[in-house]
Amino acid sequence: MSQLAIELVPRNREVLERDMALVREHFPHIDTINIPDLLQFDLRSWDAGDIVSTQFPNVIPHLRAIDFDLRCDWPFLETIRNTGCPALLAISGDPPQDMLHRTYRTPITGFIARLKQELPGVKVYAGLDPYRSGIKEELDYVAAKLDAGADGLFTQPFFDLRFMEIWADLLPGIDVWWGIAPVLTEKSQAYWENKNNGFFPPDFKPTLDWNREFARRALEFTRGRDASAYIMPIRADIRKYLEGIV
């Protein structure tokens with residue numbers, strides 16, 4: 001069944017509650033909030049999920065495998081159980097900029113398998129990065145995650161509908177949340193191209209109008225395939241970006 005989520009960055013509790021209020025007021029039909037786990041902020045995704053769950057029925061926190069040792073107890077498990085999150089997103093995680101932050105060589109497949117064991121009844125999604133490598137290599141990586149127990153996939157944002165169509169055809173029968181994000185400056189475009197190997201269609205413009213029209217068409221695409229989508233407003237004004245579209 002097609003669903004729509006908005007990703008809210010948990011910079012702190014005050015900002016999170018402000019953003020939740022905005023979503024409730026202007027987009028009351030959205031009942032799913034996606035929460036990244038960003039080390040530069042003190043509020044971790046599972047604690048933010050605990051806050052969000054008091055006002056939204058569906059919360060999907062991200063968890064970084066690199067932060068957890070498979071041999072140890074995990075501090076977030078009890079919070080997730082008490083919060084009642086219906087789903088999680090398990091990602092490998094980028095190395096932290098703070099070298100004092102402890103990380104582990106935890107494989108994403110092992111992380112997914114243990115999450116499924118520890119949290120029965122909770123869906124565990126894995127990441128799909130269409131820009132990471134060649135299509136075959138990424139499909140093999142996806143297959144390994146699904147074999148480990150992943151229930152579906154969350155993609156990196158797409159900026160080209162033709163590329164979305166290619167990937168949709170390669171993932172028949174898989175529960176996919178398609179990522180959509182605005183890119184509103186040339187600097188942001190360069191970040192996606194140079195840091196993440198993303199690419200944009202020839203008609204791309206880093207304007208609000210272009211990104212609104214793309215979001216509209218991308219959501220039409222996901223609904224047409226009975227698939228789900230999540231929107232990452234990043235630094236965009238949520239109302240200006242999404243009003244009249246979702």
# chains A, B, ... in the order shown; residues from 1 in each chain; ligands from 1
>>> residues_around(residues="Pro86 in chain A", least_positions_apart="2", cutoff="9 Å", atoms="only C-alpha atoms", output="list in words")
Pro57, Asn58, Val59, Ile60, Gly84, Leu88, Gly121, Val122, Lys123 and Val124 of chain A
>>> write_last_selection(atoms="all heavy atoms", output="tab-separated table (two decimals), in the first residue's frame")
chain	number	residue	atom	x	y	z
A	57	PRO	N	1.49	8.14	14.60
A	57	PRO	CA	1.40	6.69	14.84
A	57	PRO	C	2.55	5.90	14.24
A	57	PRO	O	2.84	4.79	14.69
A	57	PRO	CB	0.08	6.30	14.18
A	57	PRO	CG	-0.16	7.36	13.14
A	57	PRO	CD	0.41	8.62	13.71
A	58	ASN	N	3.20	6.45	13.20
A	58	ASN	CA	4.26	5.70	12.52
A	58	ASN	C	5.56	6.49	12.54
A	58	ASN	O	5.64	7.60	12.00
A	58	ASN	CB	3.86	5.41	11.07
A	58	ASN	CG	2.58	4.60	10.99
A	58	ASN	OD1	2.42	3.61	11.69
A	58	ASN	ND2	1.66	5.01	10.14
A	59	VAL	N	6.58	5.92	13.16
A	59	VAL	CA	7.89	6.55	13.26
A	59	VAL	C	8.93	5.55	12.76
A	59	VAL	O	8.90	4.37	13.15
A	59	VAL	CB	8.22	6.96	14.71
A	59	VAL	CG1	9.55	7.69	14.76
A	59	VAL	CG2	7.11	7.81	15.29
A	60	ILE	N	9.83	6.02	11.90
A	60	ILE	CA	10.87	5.15	11.35
A	60	ILE	C	12.24	5.76	11.64
A	60	ILE	O	12.73	6.59	10.87
A	60	ILE	CB	10.68	4.94	9.84
A	60	ILE	CG1	9.27	4.41	9.53
A	60	ILE	CG2	11.73	3.97	9.29
A	60	ILE	CD1	8.97	4.24	8.06
A	84	GLY	N	7.15	1.51	20.28
A	84	GLY	CA	6.23	0.84	19.38
A	84	GLY	C	6.44	1.20	17.93
A	84	GLY	O	5.48	1.18	17.14
A	88	LEU	N	12.14	0.25	11.16
A	88	LEU	CA	13.44	0.88	11.31
A	88	LEU	C	14.12	0.91	9.95
A	88	LEU	O	13.81	0.10	9.08
A	88	LEU	CB	14.32	0.09	12.28
A	88	LEU	CG	13.78	-0.25	13.66
A	88	LEU	CD1	14.70	-1.28	14.32
A	88	LEU	CD2	13.70	1.01	14.50
A	121	GLY	N	8.43	-8.54	14.77
A	121	GLY	CA	7.25	-7.73	14.50
A	121	GLY	C	7.58	-6.34	13.99
A	121	GLY	O	6.68	-5.64	13.51
A	122	VAL	N	8.84	-5.91	14.11
A	122	VAL	CA	9.25	-4.61	13.60
A	122	VAL	C	9.87	-4.80	12.22
A	122	VAL	O	10.75	-5.63	12.03
A	122	VAL	CB	10.28	-3.94	14.54
A	122	VAL	CG1	10.79	-2.63	13.94
A	122	VAL	CG2	9.66	-3.69	15.90
A	123	LYS	N	9.40	-4.05	11.23
A	123	LYS	CA	9.99	-4.13	9.90
A	123	LYS	C	11.37	-3.47	9.93
A	123	LYS	O	11.56	-2.41	10.52
A	123	LYS	CB	9.11	-3.43	8.87
A	123	LYS	CG	7.87	-4.21	8.46
A	123	LYS	CD	7.19	-3.56	7.28
A	123	LYS	CE	6.04	-4.42	6.77
A	123	LYS	NZ	5.41	-3.82	5.56
A	124	VAL	N	12.30	-4.11	9.28
A	124	VAL	CA	13.66	-3.56	9.17
A	124	VAL	C	13.95	-3.31	7.69
A	124	VAL	O	14.01	-4.25	6.89
A	124	VAL	CB	14.70	-4.52	9.77
A	124	VAL	CG1	16.11	-3.97	9.55
A	124	VAL	CG2	14.44	-4.74	11.26
>>> closest_residue(among="A:Leu119, A:Arg64, A:Arg114, A:Asp151", to="Asn82 in chain A", atoms="only C-alpha atoms")
A:Leu119
>>> closest_atom_pairs(of="range 125-171 of chain A", to="range 212-235 of chain A", cutoff="12 Å", atoms="only C-alpha atoms", output="Markdown table")
| residue | atom | partner | partner_atom | distance |
| --- | --- | --- | --- | --- |
| A:Gly152 | CA | A:Ser228 | CA | 10.9 |
| A:Leu153 | CA | A:Ser228 | CA | 10.3 |
| A:Phe154 | CA | A:Tyr230 | CA | 8.5 |
| A:Thr155 | CA | A:Tyr230 | CA | 9.1 |
| A:Gln156 | CA | A:Met232 | CA | 9.9 |
| A:Pro157 | CA | A:Met232 | CA | 8.1 |
| A:Phe158 | CA | A:Ala218 | CA | 8.7 |
| A:Phe159 | CA | A:Phe214 | CA | 7.6 |
| A:Asp160 | CA | A:Phe214 | CA | 8.3 |
| A:Leu161 | CA | A:Ala218 | CA | 6.7 |
| A:Arg162 | CA | A:Ala218 | CA | 10.3 |
| A:Phe163 | CA | A:Ala218 | CA | 11.2 |
| A:Met164 | CA | A:Ala218 | CA | 8.6 |
| A:Glu165 | CA | A:Phe221 | CA | 8.6 |
| A:Ala168 | CA | A:Arg225 | CA | 8.7 |
| A:Asp169 | CA | A:Arg225 | CA | 10.4 |
| A:Leu171 | CA | A:Ala227 | CA | 11.3 |
>>> select_by_dssp(residues="range 81-230 of chain A", states="alpha helix (DSSP H)", output="JSON list (two decimals) with C-alpha atoms, in the first residue's frame")
[["chain", "number", "residue", "atom", "x", "y", "z"],
["A", 81, "ARG", "CA", 10.19, -1.63, 22.09],
["A", 82, "ASN", "CA", 8.51, 0.92, 24.36],
["A", 83, "THR", "CA", 7.96, 3.40, 21.54],
["A", 108, "ILE", "CA", 25.14, -4.41, 7.69],
["A", 109, "THR", "CA", 23.93, -7.97, 7.05],
["A", 110, "GLY", "CA", 24.77, -9.05, 10.58],
["A", 111, "PHE", "CA", 23.18, -5.90, 11.96],
["A", 112, "ILE", "CA", 19.95, -6.53, 10.05],
["A", 113, "ALA", "CA", 19.84, -10.18, 11.14],
["A", 114, "ARG", "CA", 20.20, -9.29, 14.81],
["A", 115, "LEU", "CA", 17.63, -6.48, 14.59],
["A", 116, "LYS", "CA", 15.13, -8.98, 13.21],
["A", 117, "GLN", "CA", 15.94, -11.35, 16.07],
["A", 118, "GLU", "CA", 15.76, -8.70, 18.81],
["A", 135, "ILE", "CA", 23.71, -1.33, -11.02],
["A", 136, "LYS", "CA", 24.74, -5.00, -10.81],
["A", 137, "GLU", "CA", 26.94, -4.39, -7.76],
["A", 138, "GLU", "CA", 24.17, -2.51, -5.98],
["A", 139, "LEU", "CA", 21.62, -5.19, -6.83],
["A", 140, "ASP", "CA", 23.96, -7.83, -5.36],
["A", 141, "TYR", "CA", 24.32, -5.72, -2.21],
["A", 142, "VAL", "CA", 20.55, -5.35, -1.98],
["A", 143, "ALA", "CA", 20.12, -9.12, -2.38],
["A", 144, "ALA", "CA", 22.52, -9.76, 0.52],
["A", 145, "LYS", "CA", 20.54, -7.40, 2.76],
["A", 146, "LEU", "CA", 17.24, -9.02, 1.83],
["A", 147, "ASP", "CA", 18.75, -12.46, 2.46],
["A", 161, "LEU", "CA", 12.23, 10.02, -13.21],
["A", 162, "ARG", "CA", 13.78, 7.93, -15.97],
["A", 163, "PHE", "CA", 16.31, 6.58, -13.49],
["A", 164, "MET", "CA", 13.54, 5.83, -10.99],
["A", 165, "GLU", "CA", 11.72, 3.85, -13.67],
["A", 166, "ILE", "CA", 14.82, 1.77, -14.39],
["A", 167, "TRP", "CA", 15.28, 0.90, -10.73],
["A", 168, "ALA", "CA", 11.57, 0.22, -10.21],
["A", 169, "ASP", "CA", 11.68, -2.32, -13.02],
["A", 170, "LEU", "CA", 14.68, -4.00, -11.35],
["A", 186, "GLU", "CA", 24.27, 25.12, -7.16],
["A", 187, "LYS", "CA", 26.35, 24.27, -4.09],
["A", 188, "SER", "CA", 23.84, 21.60, -3.07],
["A", 189, "GLN", "CA", 23.81, 20.22, -6.60],
["A", 190, "ALA", "CA", 27.62, 20.04, -6.57],
["A", 191, "TYR", "CA", 27.47, 18.20, -3.23],
["A", 192, "TRP", "CA", 25.21, 15.50, -4.63],
["A", 193, "GLU", "CA", 27.29, 15.20, -7.79],
["A", 194, "ASN", "CA", 30.74, 15.23, -6.20],
["A", 208, "LEU", "CA", 11.82, 25.86, -5.95],
["A", 209, "ASP", "CA", 9.52, 25.65, -8.99],
["A", 210, "TRP", "CA", 11.56, 22.88, -10.64],
["A", 211, "ASN", "CA", 11.80, 20.89, -7.41],
["A", 212, "ARG", "CA", 8.09, 21.26, -6.66],
["A", 213, "GLU", "CA", 7.20, 20.00, -10.12],
["A", 214, "PHE", "CA", 9.61, 17.08, -9.78],
["A", 215, "ALA", "CA", 8.18, 16.17, -6.37],
["A", 216, "ARG", "CA", 4.68, 16.23, -7.84],
["A", 217, "ARG", "CA", 5.68, 13.95, -10.73],
["A", 218, "ALA", "CA", 7.71, 11.62, -8.50],
["A", 219, "LEU", "CA", 4.79, 11.19, -6.09],
["A", 220, "GLU", "CA", 2.51, 10.49, -9.04],
["A", 221, "PHE", "CA", 5.02, 7.84, -10.14],
["A", 222, "THR", "CA", 5.10, 6.12, -6.73],
["A", 223, "ARG", "CA", 1.33, 6.17, -6.37],
["A", 224, "GLY", "CA", 0.98, 4.69, -9.85]]
>>> atom_distance(atom1="CA of Val23 in chain A", atom2="CA of Arg239 in chain A")
8.6 Å
>>> residues_around(residues="Thr79 in chain A", least_positions_apart="5", cutoff="9 Å", atoms="only C-alpha atoms", output="PyMOL selection string")
chain A and resi 46-47+49-50+84
>>> write_last_selection(atoms="N, CA and C atoms", output="PDB file, in the first residue's frame")
ATOM      1  N   TRP A  46      16.514   7.127  17.988  1.00  0.00           N
ATOM      2  CA  TRP A  46      15.528   6.347  18.754  1.00  0.00           C
ATOM      3  C   TRP A  46      14.897   7.187  19.864  1.00  0.00           C
ATOM      4  N   ASP A  47      15.670   8.116  20.438  1.00  0.00           N
ATOM      5  CA  ASP A  47      15.085   9.010  21.445  1.00  0.00           C
ATOM      6  C   ASP A  47      14.149  10.025  20.778  1.00  0.00           C
ATOM      7  N   GLY A  49      12.505   9.377  18.107  1.00  0.00           N
ATOM      8  CA  GLY A  49      11.333   8.580  17.773  1.00  0.00           C
ATOM      9  C   GLY A  49      10.383   8.441  18.944  1.00  0.00           C
ATOM     10  N   ASP A  50      10.931   8.354  20.137  1.00  0.00           N
ATOM     11  CA  ASP A  50      10.107   8.281  21.334  1.00  0.00           C
ATOM     12  C   ASP A  50       9.268   9.547  21.494  1.00  0.00           C
ATOM     13  N   GLY A  84       7.151   1.510  20.284  1.00  0.00           N
ATOM     14  CA  GLY A  84       6.228   0.836  19.381  1.00  0.00           C
ATOM     15  C   GLY A  84       6.438   1.198  17.931  1.00  0.00           C
TER      16      GLY A  84
END
>>> closest_residue(among="A:Tyr125, A:Phe199, A:Phe76, A:Phe56", to="Arg24 in chain A", atoms="only C-alpha atoms")
A:Phe56
>>> closest_residue(among="A:Leu184, A:Leu38, A:Lys240, A:Asp19", to="Gln97 in chain A", atoms="only C-alpha atoms")
A:Leu38
>>> decode(residues="range 201-218 of chain A", atoms="N, CA, C and O atoms", output="PDB file, in the first residue's frame")
ATOM      1  N   PRO A 201      18.886  15.409 -14.411  1.00  0.00           N
ATOM      2  CA  PRO A 201      18.496  15.427 -15.832  1.00  0.00           C
ATOM      3  C   PRO A 201      18.921  16.736 -16.491  1.00  0.00           C
ATOM      4  O   PRO A 201      19.191  17.731 -15.799  1.00  0.00           O
ATOM      5  N   PRO A 202      18.976  16.769 -17.807  1.00  0.00           N
ATOM      6  CA  PRO A 202      19.437  17.968 -18.503  1.00  0.00           C
ATOM      7  C   PRO A 202      18.612  19.222 -18.216  1.00  0.00           C
ATOM      8  O   PRO A 202      19.136  20.337 -18.272  1.00  0.00           O
ATOM      9  N   ASP A 203      17.326  19.037 -17.898  1.00  0.00           N
ATOM     10  CA  ASP A 203      16.475  20.205 -17.673  1.00  0.00           C
ATOM     11  C   ASP A 203      16.493  20.684 -16.219  1.00  0.00           C
ATOM     12  O   ASP A 203      15.757  21.614 -15.858  1.00  0.00           O
ATOM     13  N   PHE A 204      17.342  20.069 -15.379  1.00  0.00           N
ATOM     14  CA  PHE A 204      17.341  20.424 -13.961  1.00  0.00           C
ATOM     15  C   PHE A 204      17.695  21.887 -13.729  1.00  0.00           C
ATOM     16  O   PHE A 204      18.602  22.439 -14.359  1.00  0.00           O
ATOM     17  N   LYS A 205      16.979  22.499 -12.787  1.00  0.00           N
ATOM     18  CA  LYS A 205      17.288  23.848 -12.322  1.00  0.00           C
ATOM     19  C   LYS A 205      17.172  23.851 -10.799  1.00  0.00           C
ATOM     20  O   LYS A 205      16.192  23.326 -10.260  1.00  0.00           O
ATOM     21  N   PRO A 206      18.135  24.435 -10.096  1.00  0.00           N
ATOM     22  CA  PRO A 206      18.070  24.459  -8.621  1.00  0.00           C
ATOM     23  C   PRO A 206      17.104  25.531  -8.117  1.00  0.00           C
ATOM     24  O   PRO A 206      17.469  26.426  -7.365  1.00  0.00           O
ATOM     25  N   THR A 207      15.858  25.419  -8.544  1.00  0.00           N
ATOM     26  CA  THR A 207      14.836  26.388  -8.174  1.00  0.00           C
ATOM     27  C   THR A 207      13.706  25.683  -7.437  1.00  0.00           C
ATOM     28  O   THR A 207      13.501  24.471  -7.593  1.00  0.00           O
ATOM     29  N   LEU A 208      12.954  26.441  -6.667  1.00  0.00           N
ATOM     30  CA  LEU A 208      11.818  25.862  -5.954  1.00  0.00           C
ATOM     31  C   LEU A 208      10.781  25.342  -6.937  1.00  0.00           C
ATOM     32  O   LEU A 208      10.209  24.269  -6.729  1.00  0.00           O
ATOM     33  N   ASP A 209      10.529  26.078  -8.018  1.00  0.00           N
ATOM     34  CA  ASP A 209       9.523  25.647  -8.989  1.00  0.00           C
ATOM     35  C   ASP A 209       9.893  24.305  -9.615  1.00  0.00           C
ATOM     36  O   ASP A 209       9.038  23.422  -9.743  1.00  0.00           O
ATOM     37  N   TRP A 210      11.168  24.151 -10.021  1.00  0.00           N
ATOM     38  CA  TRP A 210      11.565  22.883 -10.643  1.00  0.00           C
ATOM     39  C   TRP A 210      11.422  21.738  -9.643  1.00  0.00           C
ATOM     40  O   TRP A 210      10.902  20.665  -9.992  1.00  0.00           O
ATOM     41  N   ASN A 211      11.848  21.949  -8.413  1.00  0.00           N
ATOM     42  CA  ASN A 211      11.798  20.890  -7.407  1.00  0.00           C
ATOM     43  C   ASN A 211      10.370  20.558  -6.992  1.00  0.00           C
ATOM     44  O   ASN A 211      10.068  19.389  -6.721  1.00  0.00           O
ATOM     45  N   ARG A 212       9.496  21.539  -6.964  1.00  0.00           N
ATOM     46  CA  ARG A 212       8.089  21.260  -6.659  1.00  0.00           C
ATOM     47  C   ARG A 212       7.472  20.407  -7.773  1.00  0.00           C
ATOM     48  O   ARG A 212       6.745  19.456  -7.501  1.00  0.00           O
ATOM     49  N   GLU A 213       7.762  20.757  -9.010  1.00  0.00           N
ATOM     50  CA  GLU A 213       7.198  19.996 -10.117  1.00  0.00           C
ATOM     51  C   GLU A 213       7.753  18.577 -10.137  1.00  0.00           C
ATOM     52  O   GLU A 213       7.023  17.609 -10.391  1.00  0.00           O
ATOM     53  N   PHE A 214       9.048  18.420  -9.828  1.00  0.00           N
ATOM     54  CA  PHE A 214       9.609  17.077  -9.781  1.00  0.00           C
ATOM     55  C   PHE A 214       8.977  16.267  -8.655  1.00  0.00           C
ATOM     56  O   PHE A 214       8.661  15.083  -8.829  1.00  0.00           O
ATOM     57  N   ALA A 215       8.811  16.881  -7.483  1.00  0.00           N
ATOM     58  CA  ALA A 215       8.182  16.169  -6.365  1.00  0.00           C
ATOM     59  C   ALA A 215       6.778  15.719  -6.743  1.00  0.00           C
ATOM     60  O   ALA A 215       6.364  14.589  -6.436  1.00  0.00           O
ATOM     61  N   ARG A 216       6.032  16.588  -7.417  1.00  0.00           N
ATOM     62  CA  ARG A 216       4.676  16.228  -7.843  1.00  0.00           C
ATOM     63  C   ARG A 216       4.707  15.017  -8.772  1.00  0.00           C
ATOM     64  O   ARG A 216       3.940  14.059  -8.594  1.00  0.00           O
ATOM     65  N   ARG A 217       5.595  15.037  -9.762  1.00  0.00           N
ATOM     66  CA  ARG A 217       5.681  13.945 -10.726  1.00  0.00           C
ATOM     67  C   ARG A 217       6.205  12.655 -10.074  1.00  0.00           C
ATOM     68  O   ARG A 217       5.747  11.557 -10.389  1.00  0.00           O
ATOM     69  N   ALA A 218       7.168  12.800  -9.172  1.00  0.00           N
ATOM     70  CA  ALA A 218       7.709  11.619  -8.497  1.00  0.00           C
ATOM     71  C   ALA A 218       6.652  10.958  -7.617  1.00  0.00           C
ATOM     72  O   ALA A 218       6.558   9.722  -7.557  1.00  0.00           O
TER      73      ALA A 218
END
